[in-house]
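Coordinates from structure.cif are shown below (mmCIF, C-alpha atoms).
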data_my_file
#
loop_
_atom_site.label_atom_id
_atom_site.label_comp_id
_atom_site.auth_asym_id
_atom_site.auth_seq_id
_atom_site.Cartn_x
_atom_site.Cartn_y
_atom_site.Cartn_z
CA MET D 1 22.01 -10.78 28.65
CA LYS D 2 24.53 -13.62 28.22
CA ILE D 3 26.50 -13.87 25.00
CA GLY D 4 25.15 -16.60 22.81
CA ALA D 5 21.81 -16.76 24.65
CA THR D 6 18.80 -17.63 22.54
CA LEU D 7 16.15 -14.92 22.18
CA ARG D 8 12.76 -16.04 23.48
CA TYR D 9 9.50 -14.58 22.23
CA SER D 10 6.38 -14.61 24.34
CA PRO D 11 3.02 -15.68 22.88
CA LEU D 12 2.04 -12.02 22.86
CA ASP D 13 5.03 -11.22 20.64
CA HIS D 14 4.11 -14.03 18.27
CA ALA D 15 0.50 -12.82 18.15
CA ALA D 16 1.67 -9.28 17.42
CA ARG D 17 3.93 -10.50 14.62
CA TRP D 18 1.12 -12.62 13.14
CA PHE D 19 -1.36 -9.74 13.33
CA GLY D 20 1.19 -7.33 11.85
CA ARG D 21 1.31 -9.34 8.62
CA PHE D 22 -2.30 -8.42 7.91
CA LEU D 23 -1.99 -4.71 8.66
CA PRO D 24 -1.70 -2.31 5.71
CA LYS D 25 1.78 -1.03 4.99
CA GLY D 26 0.88 2.51 3.90
CA LEU D 27 0.87 5.45 6.31
CA TYR D 28 -2.52 6.68 5.09
CA ALA D 29 -4.20 3.30 5.68
CA ARG D 30 -2.57 2.87 9.09
CA ALA D 31 -3.57 6.38 10.16
CA LEU D 32 -7.16 5.61 9.10
CA ILE D 33 -7.14 2.50 11.27
CA ILE D 34 -5.84 4.56 14.20
CA ILE D 35 -8.81 6.91 13.76
CA ILE D 36 -11.52 4.41 12.85
CA ALA D 37 -10.72 1.65 15.36
CA PRO D 38 -11.32 3.77 18.51
CA VAL D 39 -14.52 5.23 17.03
CA ILE D 40 -15.89 1.78 16.18
CA LEU D 41 -14.87 0.44 19.60
CA LEU D 42 -16.48 3.35 21.41
CA GLN D 43 -19.69 3.14 19.39
CA SER D 44 -19.86 -0.61 19.92
CA VAL D 45 -19.52 -0.21 23.67
CA VAL D 46 -22.16 2.56 23.72
CA ALA D 47 -24.54 0.48 21.58
CA TYR D 48 -24.06 -2.58 23.77
CA VAL D 49 -24.65 -0.62 26.97
CA PHE D 50 -27.72 1.01 25.45
CA MET D 51 -29.16 -2.26 24.18
CA GLU D 52 -28.31 -4.20 27.30
CA ARG D 53 -29.28 -1.60 29.86
CA HIS D 54 -31.58 1.06 28.54
CA TYR D 55 -33.26 -0.75 25.66
CA GLN D 56 -34.13 -3.95 27.49
CA LEU D 57 -34.99 -2.11 30.72
CA VAL D 58 -37.47 0.20 28.99
CA THR D 59 -39.02 -2.69 27.06
CA ARG D 60 -39.40 -4.72 30.26
CA ARG D 61 -41.09 -1.86 32.11
CA LEU D 62 -43.47 -1.17 29.24
CA SER D 63 -44.34 -4.87 28.94
CA SER D 64 -44.82 -5.04 32.70
CA ALA D 65 -47.21 -2.07 32.58
CA VAL D 66 -49.28 -3.60 29.76
CA THR D 67 -49.41 -6.94 31.57
CA ALA D 68 -50.51 -5.21 34.80
CA ASP D 69 -53.32 -3.48 32.87
CA ILE D 70 -54.45 -6.83 31.46
CA ALA D 71 -54.34 -8.39 34.93
CA ALA D 72 -56.51 -5.52 36.23
CA LEU D 73 -59.01 -6.05 33.41
CA ILE D 74 -59.23 -9.73 34.27
CA ASP D 75 -59.89 -8.85 37.91
CA ILE D 76 -62.64 -6.43 36.89
CA TYR D 77 -64.22 -9.00 34.60
CA GLU D 78 -64.26 -11.63 37.34
CA SER D 79 -65.45 -9.15 39.99
CA TYR D 80 -68.48 -7.91 37.99
CA PRO D 81 -70.06 -10.97 36.36
CA GLN D 82 -73.23 -8.96 35.62
CA ASP D 83 -71.45 -7.32 32.66
CA LYS D 84 -72.23 -10.28 30.43
CA ASP D 85 -71.38 -8.62 27.09
CA ALA D 86 -68.24 -6.97 28.56
CA SER D 87 -69.21 -3.63 26.98
CA THR D 88 -68.24 -1.65 30.08
CA LEU D 89 -64.93 -3.47 30.30
CA SER D 90 -64.18 -2.77 26.63
CA ARG D 91 -65.07 0.91 27.04
CA ILE D 92 -62.83 1.34 30.11
CA ALA D 93 -59.97 -0.48 28.37
CA SER D 94 -60.32 1.65 25.27
CA GLU D 95 -60.73 5.05 26.95
CA ARG D 96 -58.39 4.68 29.91
CA LEU D 97 -55.83 2.12 28.88
CA GLN D 98 -55.77 2.43 25.05
CA LEU D 99 -56.38 -1.32 24.76
CA ASP D 100 -58.82 -3.10 22.47
CA VAL D 101 -60.49 -5.86 24.56
CA ASP D 102 -62.96 -8.52 23.44
CA ILE D 103 -64.39 -11.55 25.23
CA LEU D 104 -64.49 -14.56 22.94
CA ARG D 105 -67.20 -17.00 24.04
CA ASN D 106 -67.02 -20.74 23.71
CA THR D 107 -63.55 -20.80 22.16
CA ASP D 108 -60.09 -21.99 23.01
CA LEU D 109 -56.57 -20.66 22.60
CA PRO D 110 -55.03 -21.01 19.13
CA PRO D 111 -52.10 -23.36 18.68
CA PRO D 112 -48.69 -21.77 19.38
CA GLY D 113 -47.34 -19.88 16.40
CA PRO D 114 -43.72 -19.64 15.18
CA LYS D 115 -41.40 -17.80 17.51
CA PRO D 116 -39.26 -15.01 16.10
CA PHE D 117 -35.53 -15.74 15.95
CA PHE D 118 -34.59 -12.64 17.89
CA ASP D 119 -37.34 -10.58 19.52
CA ILE D 120 -36.87 -8.92 22.87
CA LEU D 121 -40.59 -8.08 23.06
CA ASP D 122 -41.75 -11.68 22.69
CA GLU D 123 -39.35 -12.89 25.37
CA THR D 124 -40.04 -10.05 27.80
CA LEU D 125 -43.82 -10.12 27.39
CA THR D 126 -43.87 -13.89 27.89
CA ASP D 127 -41.97 -13.55 31.16
CA GLU D 128 -44.32 -10.83 32.44
CA LEU D 129 -47.50 -12.77 31.53
CA ARG D 130 -46.17 -15.85 33.28
CA ARG D 131 -45.18 -13.85 36.36
CA GLN D 132 -48.23 -11.56 36.81
CA ILE D 133 -51.20 -13.51 35.41
CA ASP D 134 -50.19 -17.16 35.58
CA ARG D 135 -53.00 -18.35 33.29
CA PRO D 136 -52.88 -20.09 29.94
CA TYR D 137 -52.07 -17.48 27.30
CA TRP D 138 -51.24 -17.00 23.64
CA ILE D 139 -49.37 -14.05 22.14
CA ASP D 140 -48.58 -12.94 18.62
CA THR D 141 -45.86 -10.30 18.18
CA VAL D 142 -45.26 -11.04 14.49
CA GLY D 143 -48.59 -11.15 12.67
CA ARG D 144 -49.51 -7.46 12.90
CA SER D 145 -46.56 -5.15 12.58
CA SER D 146 -48.03 -2.30 14.65
CA TYR D 147 -50.06 -4.31 17.18
CA VAL D 148 -49.49 -7.06 19.68
CA GLU D 149 -52.28 -9.61 20.20
CA ILE D 150 -52.63 -11.31 23.59
CA ARG D 151 -55.19 -13.98 24.47
CA ILE D 152 -55.83 -15.11 28.07
CA LYS D 153 -57.85 -18.18 29.01
CA LEU D 154 -60.47 -17.00 31.56
CA ASP D 155 -62.36 -20.20 32.27
CA GLN D 156 -63.27 -23.33 30.41
CA ASN D 157 -65.26 -21.52 27.69
CA ASP D 158 -64.17 -17.87 27.52
CA VAL D 159 -60.99 -16.16 26.22
CA MET D 160 -60.04 -12.50 26.63
CA ARG D 161 -58.44 -11.07 23.51
CA VAL D 162 -56.39 -7.91 23.95
CA LEU D 163 -54.92 -5.79 21.12
CA ALA D 164 -52.22 -3.34 22.24
CA ARG D 165 -50.14 -1.00 20.15
CA ARG D 166 -46.58 -2.26 19.84
CA SER D 167 -45.26 1.05 21.16
CA GLN D 168 -47.11 0.44 24.46
CA ALA D 169 -45.02 -2.66 25.20
CA TYR D 170 -41.86 -2.05 23.19
CA ALA D 171 -39.24 0.71 23.02
CA SER D 172 -39.81 1.14 19.30
CA ASN D 173 -38.10 4.52 18.97
CA SER D 174 -34.67 3.13 19.86
CA HIS D 175 -33.68 3.07 16.18
CA ILE D 176 -33.56 6.85 16.31
CA PHE D 177 -30.65 6.62 18.74
CA LEU D 178 -28.90 4.02 16.60
CA VAL D 179 -29.37 6.07 13.41
CA TRP D 180 -28.12 9.20 15.15
CA MET D 181 -25.11 7.32 16.49
CA GLY D 182 -24.26 5.81 13.10
CA GLY D 183 -24.81 9.10 11.27
CA SER D 184 -22.62 11.05 13.64
CA SER D 185 -19.91 8.40 13.31
CA PHE D 186 -19.92 8.69 9.52
CA VAL D 187 -19.73 12.47 9.74
CA LEU D 188 -16.81 12.29 12.16
CA LEU D 189 -15.02 9.73 10.02
CA GLY D 190 -15.59 11.77 6.86
CA ILE D 191 -14.12 14.88 8.45
CA ALA D 192 -11.19 12.88 9.84
CA ILE D 193 -10.47 11.34 6.42
CA LEU D 194 -10.51 14.74 4.71
CA PHE D 195 -8.10 16.24 7.24
CA LEU D 196 -5.92 13.13 7.16
CA ARG D 197 -5.59 13.26 3.38
CA ASN D 198 -4.41 16.86 3.63
CA GLN D 199 -1.80 15.83 6.21
CA ILE D 200 -0.59 12.81 4.21
CA ARG D 201 -0.28 14.67 0.89
CA PRO D 202 2.85 16.70 1.91
CA ILE D 203 4.53 13.47 3.06
CA LEU D 204 3.80 11.82 -0.28
CA ARG D 205 5.08 14.90 -2.07
CA LEU D 206 8.31 14.74 -0.06
CA ALA D 207 8.69 11.04 -0.95
CA GLU D 208 8.21 11.87 -4.65
CA ALA D 209 10.85 14.60 -4.45
CA ALA D 210 13.31 12.24 -2.74
CA GLU D 211 12.66 9.52 -5.34
CA ALA D 212 13.12 12.04 -8.17
CA LEU D 213 16.41 13.18 -6.63
CA GLY D 214 17.60 9.57 -6.49
CA LYS D 215 16.76 9.15 -10.19
CA GLY D 216 18.48 12.37 -11.16
CA ARG D 217 15.23 14.10 -12.12
CA GLU D 218 14.26 17.62 -11.21
CA ILE D 219 10.91 18.17 -9.48
CA GLU D 220 9.47 21.32 -7.95
CA PHE D 221 9.04 20.89 -4.21
CA ARG D 222 7.93 23.28 -1.48
CA PRO D 223 7.62 22.15 2.15
CA ARG D 224 4.01 22.09 3.29
CA GLY D 225 1.88 20.48 5.96
CA ALA D 226 2.45 20.14 9.69
CA ARG D 227 5.46 21.65 11.43
CA GLU D 228 7.34 18.34 11.61
CA VAL D 229 6.69 17.60 7.94
CA ARG D 230 7.88 21.08 6.96
CA GLN D 231 11.03 20.56 9.04
CA ALA D 232 11.68 17.31 7.17
CA GLY D 233 11.05 19.11 3.87
CA HIS D 234 13.50 21.91 4.71
CA ALA D 235 16.09 19.34 5.81
CA PHE D 236 15.61 17.54 2.49
CA LEU D 237 16.10 20.75 0.50
CA GLU D 238 19.23 21.60 2.49
CA MET D 239 20.58 18.09 1.87
CA LYS D 240 19.79 18.47 -1.84
CA ARG D 241 21.67 21.78 -1.98
CA ARG D 242 24.69 20.25 -0.21
CA ILE D 243 24.75 17.32 -2.61
CA GLU D 244 24.50 19.60 -5.64
CA ARG D 245 27.23 21.85 -4.23
CA ASN D 246 29.53 18.87 -3.60
CA ILE D 247 28.89 17.53 -7.10
CA GLU D 248 29.61 20.94 -8.59
CA GLN D 249 32.84 21.28 -6.61
CA ARG D 250 33.94 17.77 -7.54
CA THR D 251 33.14 18.36 -11.20
CA THR D 252 35.09 21.62 -11.18
CA MET D 253 38.07 19.94 -9.53
CA LEU D 254 38.03 16.99 -11.92
CA ASN D 255 37.75 19.28 -14.93
CA GLY D 256 40.83 21.12 -13.72
CA VAL D 257 42.73 17.88 -13.12
CA SER D 258 41.60 16.53 -16.48
CA HIS D 259 42.76 19.70 -18.27
CA ASP D 260 46.17 19.66 -16.61
CA LEU D 261 46.80 15.97 -17.25
CA ARG D 262 45.61 16.17 -20.85
CA THR D 263 47.98 19.10 -21.39
CA ILE D 264 50.90 17.02 -20.14
CA LEU D 265 49.92 14.05 -22.30
CA THR D 266 49.63 16.31 -25.31
CA ARG D 267 53.16 17.54 -24.69
CA PHE D 268 54.34 13.92 -24.51
CA LYS D 269 52.70 13.17 -27.85
CA LEU D 270 54.22 16.26 -29.51
CA SER D 271 57.64 15.38 -28.15
CA LEU D 272 57.37 11.83 -29.44
CA VAL D 273 56.53 13.10 -32.94
CA PHE D 274 59.94 14.77 -33.22
CA LEU D 275 61.88 11.72 -31.99
CA GLY D 276 61.49 9.77 -35.20
CA GLN D 277 60.01 6.34 -35.93
CA THR D 278 61.83 3.75 -33.84
CA PRO D 279 60.47 0.68 -31.99
CA GLU D 280 61.10 2.36 -28.68
CA VAL D 281 59.16 5.48 -29.74
CA GLU D 282 56.27 3.35 -30.97
CA ASP D 283 56.13 1.63 -27.58
CA LEU D 284 56.10 5.02 -25.86
CA LYS D 285 53.25 6.21 -28.13
CA ARG D 286 51.18 3.15 -27.25
CA ASP D 287 51.85 3.72 -23.56
CA VAL D 288 50.76 7.36 -23.86
CA ASP D 289 47.58 6.37 -25.73
CA GLU D 290 46.83 3.73 -23.11
CA MET D 291 47.45 6.25 -20.34
CA SER D 292 45.05 8.66 -22.04
CA ARG D 293 42.32 5.99 -22.25
CA MET D 294 42.83 4.99 -18.65
CA LEU D 295 42.73 8.63 -17.58
CA GLU D 296 39.38 9.13 -19.33
CA GLY D 297 38.00 6.02 -17.64
CA TYR D 298 39.17 7.09 -14.18
CA LEU D 299 37.75 10.58 -14.59
CA ALA D 300 34.43 9.22 -15.91
CA PHE D 301 34.08 6.95 -12.90
CA ALA D 302 35.19 9.65 -10.44
CA ARG D 303 32.63 12.12 -11.80
CA GLY D 304 29.84 9.61 -11.28
CA ASP D 305 26.70 9.17 -13.42
CA GLY D 306 28.85 7.88 -16.25
CA GLY D 307 30.73 11.13 -16.57
CA ASP D 308 27.51 13.12 -17.06
CA ALA D 309 26.84 14.53 -13.60
CA GLY D 310 24.39 17.41 -13.73
CA GLU D 311 22.65 16.10 -16.85
CA GLN D 312 18.85 16.24 -16.58
CA ALA D 313 16.58 13.31 -17.37
CA VAL D 314 14.46 13.88 -20.47
CA ALA D 315 12.21 11.83 -22.75
CA THR D 316 14.58 9.80 -24.94
CA ASP D 317 14.06 7.53 -27.96
CA LEU D 318 15.37 4.15 -26.84
CA ARG D 319 15.23 2.74 -30.36
CA GLN D 320 17.62 5.39 -31.66
CA LEU D 321 20.13 4.73 -28.86
CA LEU D 322 20.04 0.97 -29.36
CA GLU D 323 20.39 1.28 -33.13
CA GLU D 324 23.53 3.37 -32.58
CA VAL D 325 24.95 0.66 -30.32
CA GLN D 326 23.95 -2.04 -32.81
CA SER D 327 25.66 -0.24 -35.70
CA ASP D 328 28.84 0.21 -33.66
CA ALA D 329 28.96 -3.50 -32.78
CA GLU D 330 28.30 -4.55 -36.39
CA ARG D 331 31.13 -2.31 -37.63
CA GLN D 332 33.42 -4.33 -35.36
CA GLY D 333 32.30 -7.51 -37.13
CA HIS D 334 29.80 -8.86 -34.55
CA VAL D 335 26.39 -10.25 -35.47
CA THR D 336 23.97 -8.13 -33.42
CA GLU D 337 20.19 -8.64 -33.16
CA LEU D 338 17.86 -6.00 -31.72
CA ASP D 339 14.32 -6.43 -30.43
CA ILE D 340 12.26 -3.67 -28.77
CA ILE D 341 8.89 -4.42 -27.16
CA GLY D 342 6.52 -1.71 -25.93
CA ASP D 343 6.91 2.04 -25.84
CA PRO D 344 10.38 3.13 -27.13
CA ILE D 345 10.20 6.48 -25.29
CA ILE D 346 11.89 6.42 -21.86
CA THR D 347 12.90 9.12 -19.37
CA VAL D 348 16.65 8.93 -18.74
CA ARG D 349 19.80 11.04 -18.92
CA PRO D 350 20.70 10.38 -22.56
CA ASP D 351 24.50 10.68 -22.44
CA ALA D 352 24.82 8.65 -19.23
CA PHE D 353 22.47 5.96 -20.52
CA ARG D 354 24.34 5.86 -23.84
CA ARG D 355 27.56 5.21 -21.94
CA LEU D 356 25.83 2.37 -20.03
CA LEU D 357 24.73 0.75 -23.30
CA PHE D 358 28.12 1.11 -24.97
CA ASN D 359 29.89 -0.34 -21.92
CA LEU D 360 27.63 -3.41 -21.76
CA VAL D 361 27.61 -4.06 -25.51
CA GLY D 362 31.33 -3.35 -25.75
CA ASN D 363 31.99 -5.82 -22.96
CA ALA D 364 29.90 -8.43 -24.82
CA ALA D 365 31.67 -7.67 -28.11
CA ARG D 366 35.14 -8.18 -26.63
CA HIS D 367 34.35 -11.71 -25.47
CA GLY D 368 31.72 -13.00 -27.90
CA ASP D 369 30.88 -13.15 -31.59
CA GLN D 370 27.07 -12.99 -31.43
CA ILE D 371 25.13 -10.35 -29.50
CA GLU D 372 21.39 -10.05 -28.81
CA ILE D 373 19.82 -6.89 -27.36
CA THR D 374 16.23 -7.13 -26.06
CA ALA D 375 14.31 -4.22 -24.50
CA ASN D 376 10.84 -4.52 -22.93
CA HIS D 377 8.96 -1.38 -21.87
CA GLU D 378 5.39 -2.65 -21.61
CA THR D 379 5.09 -1.62 -17.96
CA ARG D 380 6.43 1.31 -15.94
CA TRP D 381 9.78 -0.51 -15.82
CA LEU D 382 12.31 -0.88 -18.63
CA VAL D 383 13.94 -4.33 -18.71
CA LEU D 384 16.89 -4.61 -21.08
CA HIS D 385 18.94 -7.77 -21.77
CA VAL D 386 22.36 -7.89 -23.45
CA ASP D 387 23.27 -11.50 -24.33
CA ASP D 388 26.40 -12.93 -25.92
CA ASP D 389 27.96 -16.32 -26.70
CA GLY D 390 31.27 -15.71 -24.91
CA PRO D 391 32.89 -17.68 -22.08
CA GLY D 392 30.72 -16.10 -19.39
CA ILE D 393 31.58 -15.41 -15.75
CA PRO D 394 31.31 -17.93 -12.87
CA PRO D 395 28.29 -17.20 -10.64
CA GLU D 396 30.43 -16.60 -7.57
CA MET D 397 32.35 -13.85 -9.38
CA ARG D 398 29.46 -11.96 -10.94
CA GLU D 399 29.25 -9.41 -8.14
CA GLU D 400 33.02 -8.99 -7.96
CA VAL D 401 33.26 -7.68 -11.53
CA PHE D 402 31.15 -4.65 -10.61
CA LYS D 403 33.82 -3.46 -8.18
CA PRO D 404 36.11 -0.72 -9.52
CA PHE D 405 39.43 -1.85 -11.00
CA VAL D 406 38.57 -5.56 -10.71
CA ARG D 407 39.89 -7.54 -13.72
CA LEU D 408 39.37 -11.29 -13.80
CA ASP D 409 41.99 -13.68 -15.08
CA GLU D 410 40.82 -15.35 -18.31
CA ALA D 411 37.44 -13.70 -17.87
CA ARG D 412 35.43 -10.86 -19.19
CA ASN D 413 36.31 -7.72 -17.31
CA GLN D 414 39.89 -7.45 -18.45
CA ASP D 415 39.08 -4.59 -20.87
CA GLU D 416 42.17 -5.69 -22.84
CA GLY D 417 44.47 -3.29 -21.10
CA GLY D 418 41.62 -1.05 -19.89
CA SER D 419 40.96 0.21 -16.41
CA GLY D 420 38.44 -2.40 -15.28
CA LEU D 421 35.75 0.26 -14.79
CA GLY D 422 33.30 -0.54 -17.59
CA LEU D 423 30.80 -2.58 -15.58
CA ALA D 424 31.30 -0.42 -12.47
CA ILE D 425 30.38 2.71 -14.46
CA ALA D 426 27.40 0.92 -16.06
CA ARG D 427 25.99 -0.12 -12.66
CA ASP D 428 26.64 3.38 -11.28
CA VAL D 429 24.56 4.83 -14.13
CA ALA D 430 21.76 2.29 -13.60
CA ARG D 431 21.57 2.92 -9.86
CA SER D 432 21.63 6.68 -10.36
CA HIS D 433 18.42 6.18 -12.40
CA GLY D 434 16.82 4.18 -9.55
CA GLY D 435 17.52 0.78 -11.12
CA ASP D 436 20.28 -1.83 -11.18
CA ILE D 437 22.24 -4.29 -13.31
CA VAL D 438 22.54 -8.01 -12.62
CA LEU D 439 24.48 -10.71 -14.46
CA GLY D 440 23.20 -14.18 -15.32
CA ASP D 441 23.38 -17.02 -17.81
CA SER D 442 22.57 -16.19 -21.43
CA PRO D 443 20.45 -18.39 -23.72
CA LEU D 444 23.32 -18.01 -26.21
CA GLY D 445 25.64 -19.82 -23.82
CA GLY D 446 27.56 -16.80 -22.56
CA LEU D 447 26.68 -13.96 -20.22
CA ARG D 448 23.42 -12.03 -19.87
CA ALA D 449 23.51 -8.50 -18.46
CA THR D 450 20.03 -7.39 -17.33
CA VAL D 451 19.26 -3.71 -16.79
CA ARG D 452 16.05 -2.81 -14.91
CA LEU D 453 15.12 0.87 -14.70
CA PRO D 454 11.96 2.78 -13.69
CA ALA D 455 11.23 4.58 -16.91
#
As structure tokens - that is how I would like this structure written.
Amino acid sequence: MKIGATLRYSPLDHAARWFGRFLPKGLYARALIIIIAPVILLQSVVAYVFMERHYQLVTRRLSSAVTADIAALIDIYESYPQDKDASTLSRIASERLQLDVDILRNTDLPPPGPKPFFDILDETLTDELRRQIDRPYWIDTVGRSSYVEIRIKLDQNDVMRVLARRSQAYASNSHIFLVWMGGSSFVLLGIAILFLRNQIRPILRLAEAAEALGKGREIEFRPRGAREVRQAGHAFLEMKRRIERNIEQRTTMLNGVSHDLRTILTRFKLSLVFLGQTPEVEDLKRDVDEMSRMLEGYLAFARGDGGDAGEQAVATDLRQLLEEVQSDAERQGHVTELDIIGDPIITVRPDAFRRLLFNLVGNAARHGDQIEITANHETRWLVLHVDDDGPGIPPEMREEVFKPFVRLDEARNQDEGGSGLGLAIARDVARSHGGDIVLGDSPLGGLRATVRLPA
């Protein structure tokens, strides 16, 4: 293929893409189609072959036999004119041919009646009468449900009326085959659906376990189902154990580093106490305090999950958390409004989610005077807005501020000497719960931080 060449799609590819838009997206529905489509196709072919070959062939032969019997009765009637009342003819027709025959004197054929929309018998019987008898005739295959009435013009005054059972000229028991075919199809489909549901359930269970792991929730999971599904389940459990082991090792290492560094900083602070109160010592104390704050921020980000790795998700009162954040902002002199819609109980890791809230509200408090917090939990998703009236962030920079250690000039993520990790930690917490944080324009004129979590 040449570099820069344009990809060309055939009409078949376009048709496949168009048809694919209408297919179900779920594995269970697609598997059902894979099972049902061949069964329906096979049954349709069998039904068509039966109707086209067997059904019409049997009906034609039966109609031909009845028409041949009628032709024979006409020949007998014309060969023995001495049987004026046709009693012998009627007796022979009744006993030997199971036909009810009458000779109607001085009458004519009735006017043609309405033709059925779809009736193989009417069409076949008409063809046979035209081919074998070739006399004026009149048939009624609709009036009497169990009989067929045929009238043949014998001469200028007489008409032979023949009543035949519908089963003599029509393959009336074909519905038994169709019912059997449809019933067997439903039984096969029912069994296939039951087995398919049992095969799909372990896959759904594995998906639930993977989703729970992504949200930091614990769920009991045991591999079940087919061999391939069990292999995927065991691979998932092994991956889960490796992740937990890595997190545990990282947490242990960071705790050790944190302890050692805090010990050194504590020594610095104790040493500075004995140096006396001079401007140089005060500068050193501020540097040590700033180093301590930066160290806590780095370690919190390095641990992941807002510094609360290993914490389990539990039912938490959102109202209590938000009221704590509101009180903290009001103590700093900021007007803070709180509005909670829907159920205040959510399933999160409380300490990690508390850090997310404090980071977002603290970021708003540093750059604005008025803060509004709105939480909506009317559906299975929690949508939380933190609005302020600060200077905001240009749209092209709103993704940049989520990167670790990014601090914008004259903008909001400076942290006033902080580490530039507040928004990065907040997004890390949100994504560890299966959600995310996005920034936008606030109705107050500043920045809006929107948190969306499955809760």
Show me, as a tab-separated table (two decimals) with C-alpha atoms, in the coordinates of the input, the residues that have an atom within 12 Å of Arg96 in chain D when counting only C-alpha atoms, minus same-chain residues fewer than 6 positions from it.
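Below is the file that was written, selection.tsv:
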chain	number	residue	atom	x	y	z
D	69	ASP	CA	-53.32	-3.48	32.87
D	73	LEU	CA	-59.01	-6.05	33.41
D	88	THR	CA	-68.24	-1.65	30.08
D	89	LEU	CA	-64.93	-3.47	30.30
D	90	SER	CA	-64.18	-2.77	26.63
Evaluate the PyMOL selection byres ((chain D and resi 237) around 12) and report residues as a compact mmCIF listing (two decimals) with C-alpha atoms, in the coordinates of the input:
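Result saved to expr38.txt:
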# COMPACT_ATOMS: atom_id res chain seq x y z
CA LEU D 206 8.31 14.74 -0.06
CA ALA D 209 10.85 14.60 -4.45
CA ALA D 210 13.31 12.24 -2.74
CA LEU D 213 16.41 13.18 -6.63
CA ILE D 219 10.91 18.17 -9.48
CA GLU D 220 9.47 21.32 -7.95
CA PHE D 221 9.04 20.89 -4.21
CA ARG D 222 7.93 23.28 -1.48
CA PRO D 223 7.62 22.15 2.15
CA ARG D 230 7.88 21.08 6.96
CA GLN D 231 11.03 20.56 9.04
CA ALA D 232 11.68 17.31 7.17
CA GLY D 233 11.05 19.11 3.87
CA HIS D 234 13.50 21.91 4.71
CA ALA D 235 16.09 19.34 5.81
CA PHE D 236 15.61 17.54 2.49
CA GLU D 238 19.23 21.60 2.49
CA MET D 239 20.58 18.09 1.87
CA LYS D 240 19.79 18.47 -1.84
CA ARG D 241 21.67 21.78 -1.98
CA ARG D 242 24.69 20.25 -0.21
CA ILE D 243 24.75 17.32 -2.61
CA GLU D 244 24.50 19.60 -5.64
Point-to-point distance from CA of Val101 in chain D to CA of Ala65 in chain D, Å rounded to tenths: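 Separation between CA of Val101 in chain D and CA of Ala65 in chain D: 16.0 Å.
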One-decimal distance in Å that lies between CA of Ile33 in chain D and CA of Val49 in chain D: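 Separation between CA of Val49 in chain D and CA of Ile33 in chain D: 23.7 Å.
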Atom pair CA of Ala72 in chain D / CA of Asp100 in chain D: separation (Å):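 Separating CA of Ala72 in chain D from CA of Asp100 in chain D is a distance of 14.2 Å.
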Within 9 Å of Pro443 in chain D using all atoms listed in the file, minus same-chain residues under 2 positions, as a PyMOL selection string: chain D and resi 387-389+441+445-448
Around range 228-235 of chain D, with edges along x, y and z and 3 Å added on all six sides, what centre and edge lengths do you get, in Å to one decimal, as AutoDock Vina command-line options?
--center_x 11.4 --center_y 19.6 --center_z 7.7 --size_x 15.4 --size_y 10.6 --size_z 13.7
Selection near range 36-39 of chain D, 10 Å with only C-alpha atoms, sequence-local residues under 5 positions removed, as a PyMOL selection string: chain D and resi 30-31+44-45+185-186+188-189+192-193
Explicit residues for the PyMOL selection byres ((chain D and resi 108) around 10) (as a PyMOL selection string): chain D and resi 104-107+109-111+151-159
Nearest residue to Glu211 in chain D from the set D:Leu444, D:Val383, D:Gly434, D:Asp428 (distances using all atoms listed in the file): D:Gly434
All residues 6 Å or closer to Leu99 in chain D, all atoms listed in the file, same chain fewer than 4 positions away omitted, as a list in words: Ala93, Ser94, Leu163 and Ala164 of chain D
Atoms to include: C-alpha atoms. Write the selected residues as a PDB file, in the coordinates of the input.
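Below is the file selection20.pdb, written as the result:
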ATOM      1  CA  ALA D  93     -59.970  -0.480  28.370  1.00  0.00           C
ATOM      2  CA  SER D  94     -60.320   1.650  25.270  1.00  0.00           C
ATOM      3  CA  LEU D 163     -54.920  -5.790  21.120  1.00  0.00           C
ATOM      4  CA  ALA D 164     -52.220  -3.340  22.240  1.00  0.00           C
TER       5      ALA D 164
END
The PyMOL selection byres ((chain D and resi 102) around 6) applied to the shown file, residues as a list in words: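 Applying the PyMOL selection byres ((chain D and resi 102) around 6) to the structure shown produces Val101, Ile103, Met160 and Arg161 of chain D.
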Spatial neighbours of Phe358 in chain D, 9 Å, all atoms listed in the file, chain gap at least 5 places, as a list of chain:residue names: D:Val325, D:Asp328, D:Phe353, D:Asn363, D:Ala426
Selected residue of minimal separation from Leu382 in chain D among D:Ile150, D:Leu357, D:Ile92, D:Leu453, counting all atoms listed in the file: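 Looking only at the distances to Leu382 in chain D, the closest residue turns out to be D:Leu453.
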Pick from D:Arg61, D:Thr316, D:Ala364, D:His385, whichever lies nearest to Asp127 in chain D using all atoms listed in the file: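 Closest to Asp127 in chain D, using all atoms listed in the file: D:Arg61.
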Sel. within 10 Å of pt (-47.6, -0.4, 22.3), counting all atoms listed in the file, output as a list in words: Leu62, Ser63, Val66, Gln98, Leu99, Ser146, Tyr147, Val148, Leu163, Ala164, Arg165, Arg166, Ser167, Gln168, Ala169, Tyr170, Ala171 and Ser172 of chain D
